[in-house]
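*Asks:* The structure's right below; bear with me while I get my questions together.
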Amino acid sequence: MESVLLQEQRGRVRVLTLNRPAKKNAINDALWVAIREAFKAAAEDPQVACVLLTGAGDSFSAGVDLASFGGTAGDEPHPFESAARAVADFDKPLIIAASGVAVGGGATVLFHADMVYAGESLRLRLPFAALGLVPEWASSYMLQANIGAQRAAELFYTADWFDAARARELGIVAEVLPDAALFEHAFARAETVAQWPVSSLREIKRCLRMHHERSIDAAFVAEQAAMLRQAGSADNIEALAAFFEKRAPRFV
């Protein structure tokens, strides 16, 4: 069986590819675990100077696979939290190349990247309100830290789609490229970063992130508590039923 996360070492760059193209790289439990383990391994490997994250097929990621929504059995914690923390705590440069759809967690992970390059086909959505849920991946802090509170509120409250050009205007992505040129451009930037000492890259990232660490931690805690209140609520159940039945939800 092919891995849900492909890993390739290209020089000092670790390339990670979300690999469920038939599902638009929607993230199931197996992929959450693979993400967690891959980022931990990359952090510990002295041969890795930076990570380039991308998606197989025509999309970056459709976010959480709703077919696997509902958590793990028994008392075992869902792997999302540990995977999200592994990415948020990654102490080397993270570069993302994204095209096609980036929805939910497939969009909020972008806010933890040091550099994001987008293909012209990129379309993003933060659908949490439409699902009767709340933001995750500390995005309730990270997005407004990146683009400002009012712009972040508009994206969260409306759950509107927005394209690569708008993402560039907002500062969510650094540059927009033709889809065919996206990966090679992002990889070239990763190689430029990876030529420098890992110790220096780590210290630069520590200096850049230190101002946000407490707020990121607080956002993780607040979002997890809010998600526990909302997941399985009447609004969330109706939103999921409407999604699978391909109809408009009827919220009270």
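Quick note on naming: the chains in the structure tokens go A, B, ... in the order shown, residues restart at 1 in each chain, and ligands are numbered from 1 in order of appearance.
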Just want the 9 Å neighbourhood of His112 of chain A, counted on only C-alpha atoms, with same-chain residues fewer than 5 positions away dropped. Output as a PDB file with C-alpha atoms, in the first residue's frame.
*Replies:*
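Dumped to result_37.pdb:
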ATOM      1  CA  VAL A  87       4.148  21.336  12.762  1.00  0.00           C
ATOM      2  CA  ALA A  88       3.684  24.436  14.935  1.00  0.00           C
ATOM      3  CA  LEU A  94       9.002  25.294   6.660  1.00  0.00           C
ATOM      4  CA  TRP A 137      -4.185  24.632  14.393  1.00  0.00           C
ATOM      5  CA  SER A 139      -5.321  29.625  13.426  1.00  0.00           C
ATOM      6  CA  MET A 142      -2.029  32.903  13.638  1.00  0.00           C
TER       7      MET A 142
END
*Asks:* DSSP says strand (DSSP E) for which residues of segment 3-248 of chain A? Put them as a count of residues only?
*Replies:* 40
*Asks:* Neighbouring residues of Gln230 of chain A were defined as those with any atom within 7 Å, considering only C-alpha atoms; residues of the same chain fewer than 6 positions away were excluded. Please report them as an NGL selection string.
*Replies:* :A and (132-133 or 236)
*Asks:* Could you write those residues out with N, CA, C and O atoms, as a CSV table (one decimal), in the first residue's frame?
*Replies:*
chain,number,residue,atom,x,y,z
A,132,GLY,N,-20.4,24.3,11.9
A,132,GLY,CA,-20.8,24.3,13.3
A,132,GLY,C,-19.6,24.1,14.2
A,132,GLY,O,-19.8,23.6,15.3
A,133,LEU,N,-18.4,24.4,13.7
A,133,LEU,CA,-17.2,24.1,14.5
A,133,LEU,C,-16.4,25.4,14.7
A,133,LEU,O,-17.0,26.5,14.6
A,236,ASN,N,-23.4,21.1,14.5
A,236,ASN,CA,-22.4,20.3,13.8
A,236,ASN,C,-23.0,19.1,13.1
A,236,ASN,O,-22.7,18.8,12.0
*Asks:* Set the distance at 12 Å and use only C-alpha atoms: which residues neighbour Lys92 of chain A once local chain neighbours fewer than 6 positions away are removed? I'd like the list as a PyMOL selection string.
*Replies:* chain A and resi 12-14+39-52+86+112-115+190+193-194+196-209
*Asks:* Residues near Phe244 of chain A, anyone? I mean within 10 Å using only C-alpha atoms, not counting same-chain ones fewer than 5 positions away, as a list in words.
*Replies:*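 The residues that qualify are Leu66, Ala67 and Ala239 of chain A.
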*Asks:* Take the residues just selected and output them with C-alpha atoms as a short mmCIF file (atom, residue, chain, number, x, y, z; two decimals), in the first residue's frame.
*Replies:*
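Written output follows (selection32.cif):
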data_model
loop_
_atom_site.label_atom_id
_atom_site.label_comp_id
_atom_site.auth_asym_id
_atom_site.auth_seq_id
_atom_site.Cartn_x
_atom_site.Cartn_y
_atom_site.Cartn_z
CA LEU A 66 -15.09 14.15 6.97
CA ALA A 67 -15.60 10.45 6.27
CA ALA A 239 -23.90 20.73 9.01
#
*Asks:* Residues at most 7 Å from segment 167-178 of chain A, counting only C-alpha atoms, excluding those fewer than 5 positions away in the same chain, as an MDAnalysis selection string?
*Replies:* chainID A and resid 115:120 147
*Asks:* Can those selected residues be exported to a file as a PDB file, in the first residue's frame so that it contains N, CA, C and O atoms?
*Replies:*
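part.pdb, freshly written:
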ATOM      1  N   MET A 115       7.419  30.385   4.585  1.00  0.00           N
ATOM      2  CA  MET A 115       7.242  30.908   3.234  1.00  0.00           C
ATOM      3  C   MET A 115       6.221  30.025   2.530  1.00  0.00           C
ATOM      4  O   MET A 115       6.310  28.805   2.594  1.00  0.00           O
ATOM      5  N   VAL A 116       5.238  30.656   1.885  1.00  0.00           N
ATOM      6  CA  VAL A 116       4.206  29.923   1.142  1.00  0.00           C
ATOM      7  C   VAL A 116       4.206  30.413  -0.295  1.00  0.00           C
ATOM      8  O   VAL A 116       4.117  31.621  -0.556  1.00  0.00           O
ATOM      9  N   TYR A 117       4.275  29.456  -1.221  1.00  0.00           N
ATOM     10  CA  TYR A 117       4.166  29.762  -2.647  1.00  0.00           C
ATOM     11  C   TYR A 117       2.917  29.091  -3.183  1.00  0.00           C
ATOM     12  O   TYR A 117       2.645  27.932  -2.872  1.00  0.00           O
ATOM     13  N   ALA A 118       2.152  29.817  -3.973  1.00  0.00           N
ATOM     14  CA  ALA A 118       0.854  29.333  -4.437  1.00  0.00           C
ATOM     15  C   ALA A 118       0.847  29.163  -5.940  1.00  0.00           C
ATOM     16  O   ALA A 118       1.438  29.969  -6.676  1.00  0.00           O
ATOM     17  N   GLY A 119       0.145  28.129  -6.397  1.00  0.00           N
ATOM     18  CA  GLY A 119      -0.168  28.006  -7.809  1.00  0.00           C
ATOM     19  C   GLY A 119      -1.372  28.872  -8.130  1.00  0.00           C
ATOM     20  O   GLY A 119      -2.183  29.192  -7.251  1.00  0.00           O
ATOM     21  N   GLU A 120      -1.500  29.256  -9.387  1.00  0.00           N
ATOM     22  CA  GLU A 120      -2.606  30.127  -9.787  1.00  0.00           C
ATOM     23  C   GLU A 120      -3.971  29.495  -9.538  1.00  0.00           C
ATOM     24  O   GLU A 120      -4.966  30.208  -9.389  1.00  0.00           O
ATOM     25  N   ILE A 147      -2.428  38.724   9.152  1.00  0.00           N
ATOM     26  CA  ILE A 147      -3.115  39.634   8.223  1.00  0.00           C
ATOM     27  C   ILE A 147      -3.950  40.700   8.911  1.00  0.00           C
ATOM     28  O   ILE A 147      -4.534  41.551   8.234  1.00  0.00           O
TER      29      ILE A 147
END
*Asks:* Considering only C-alpha atoms, return as a PyMOL selection string whatever protein or nucleic-acid residues lie within 12 Å of segment 210-225 of chain A, sequence-local ones (same chain, fewer than 6 positions apart) excluded.
*Replies:* chain A and resi 77-78+80-82+84-85+88-89+91+111-112+128+133-146+202-204+231
*Asks:* Run DSSP on the backbone and tell me which residues of segment 182-232 of chain A come out as alpha helix (DSSP H); list them as a PyMOL selection string.
*Replies:* chain A and resi 182-194+198-209+213-230
